[in-house]
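All remarks here apply to the structure that follows.
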Amino acid sequence: MSHATPRTVAELTDAVLSGAYGPDPGSLAVTSAFWLYHTTRLAGGEVTYHNHYLLLRVGGSFGACSFEAGELAPDFCENASGETLDTLLRNASTPVRIAALDAYLAQVLPHRESASAEPVALPGGTPEVRARARDAAIAGLLDIAPGAKVALIGVVNPLVAAIRERGGVCLPCDLNLRTTQWGEQVADDMTEVLKEADAVVATGMTLSNGTFDLILEHCREHGVPLVVYAQTGSAVARAFLSAGAGVTALNAEPFPFSQFSAEVSVLYRYRAGREGS
């Protein structure tokens, strides 16, 4: 389906509501809604990650959005099943809107059916084994020279290590972490790391906290490569995958996420210039 390349999440949402991406969102209803909270501490680490997710199932696909503690109550799910996506795309809550947008775009074109997606199998095993494989896949999307500065917006310690292993200098930024596993200071203002960066890796959480558009604009204006790792809004981030839109590569991990299984699972890598059906 033909549609203009979006510049912001709001533009993308308006285009979806207008029918530019496929069926009327009012014709698609949520069949299942999940509110999830889980914690993770990898072996040898001192950081416990606290993760909250909203998941909306529409047909054969899931929309996902992570959010901060207290931002969305579990009882949202009580009446969410049966709601149509046009209603949820206009919800006052950003996590609800992002999950609904992700559900719509994933249902219109599931990652598993996209000709431009490169499936990558994560090995079965411990969380540490699977996290290292996942983050190596993300770092593999970086085309950087030795010594290049890579802003990491949303710190995951194995990804810090993966960037280093590719010769990059990691500039970590996170709203919740103060140091990396190795004691390095973590910035809480992304403008500090963006202005120094030769490349940027950002998590899908930036869609939830409202910083995604700002990162897109910076990378477009300065010609900085942007790699997105997305459990949150993986199909949303895919809509910005082109040189003009700002995302140069994407590591998409739709639900069920790797941390919820010890079995072999699949994520999907995309590169700008291969945006097909």
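Going by the structure tokens order, chains are called A, B, ..., each with residues numbered from 1, while ligands are numbered from 1 in the order shown.
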
Q) Leu12 (chain A): which residues within 9 Å, counting only C-alpha atoms, same-chain residues fewer than 6 positions away excluded, as a ChimeraX atom specification? A) /A:5-6,101,236,239

Q. What's the 6 Å shell around region 134-150 of chain A, counting only C-alpha atoms, without same-chain residues fewer than 2 positions away, as a list in words?
A.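 So, after excluding close chain neighbours, the residues are Ala131, Arg132, Leu159, Ala162, Ile163, Gly167, Gly168, Val169, Cys170, Leu171, Ala197, Asp198, Ala199, Val200 and Asn251 of chain A.
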
(Q) Considering only C-alpha atoms, can you say which of A:Gln107, A:Ser18, A:Thr31, A:Thr232 comes closest to Ser81 (chain A)? (A) A:Thr31

(Q) My list of candidates is A:Ala249, A:Val9, A:Ala43, A:Ala92. Which is closest to Ser116 (chain A) when distances are computed with only C-alpha atoms? (A)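 Residue with the minimum atom-to-atom distance to Ser116 (chain A): A:Ala249.
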
Q: Name the residues of region 10-122 of chain A that come out as strand (DSSP E) in a backbone DSSP run; write them as a PyMOL selection string.
A: chain A and resi 32-40+49-58+61-67+118-122

Q. Just how far from CA of Ala187 (chain A) is CA of Ala237 (chain A), in Å to one decimal?
A. 23.7 Å
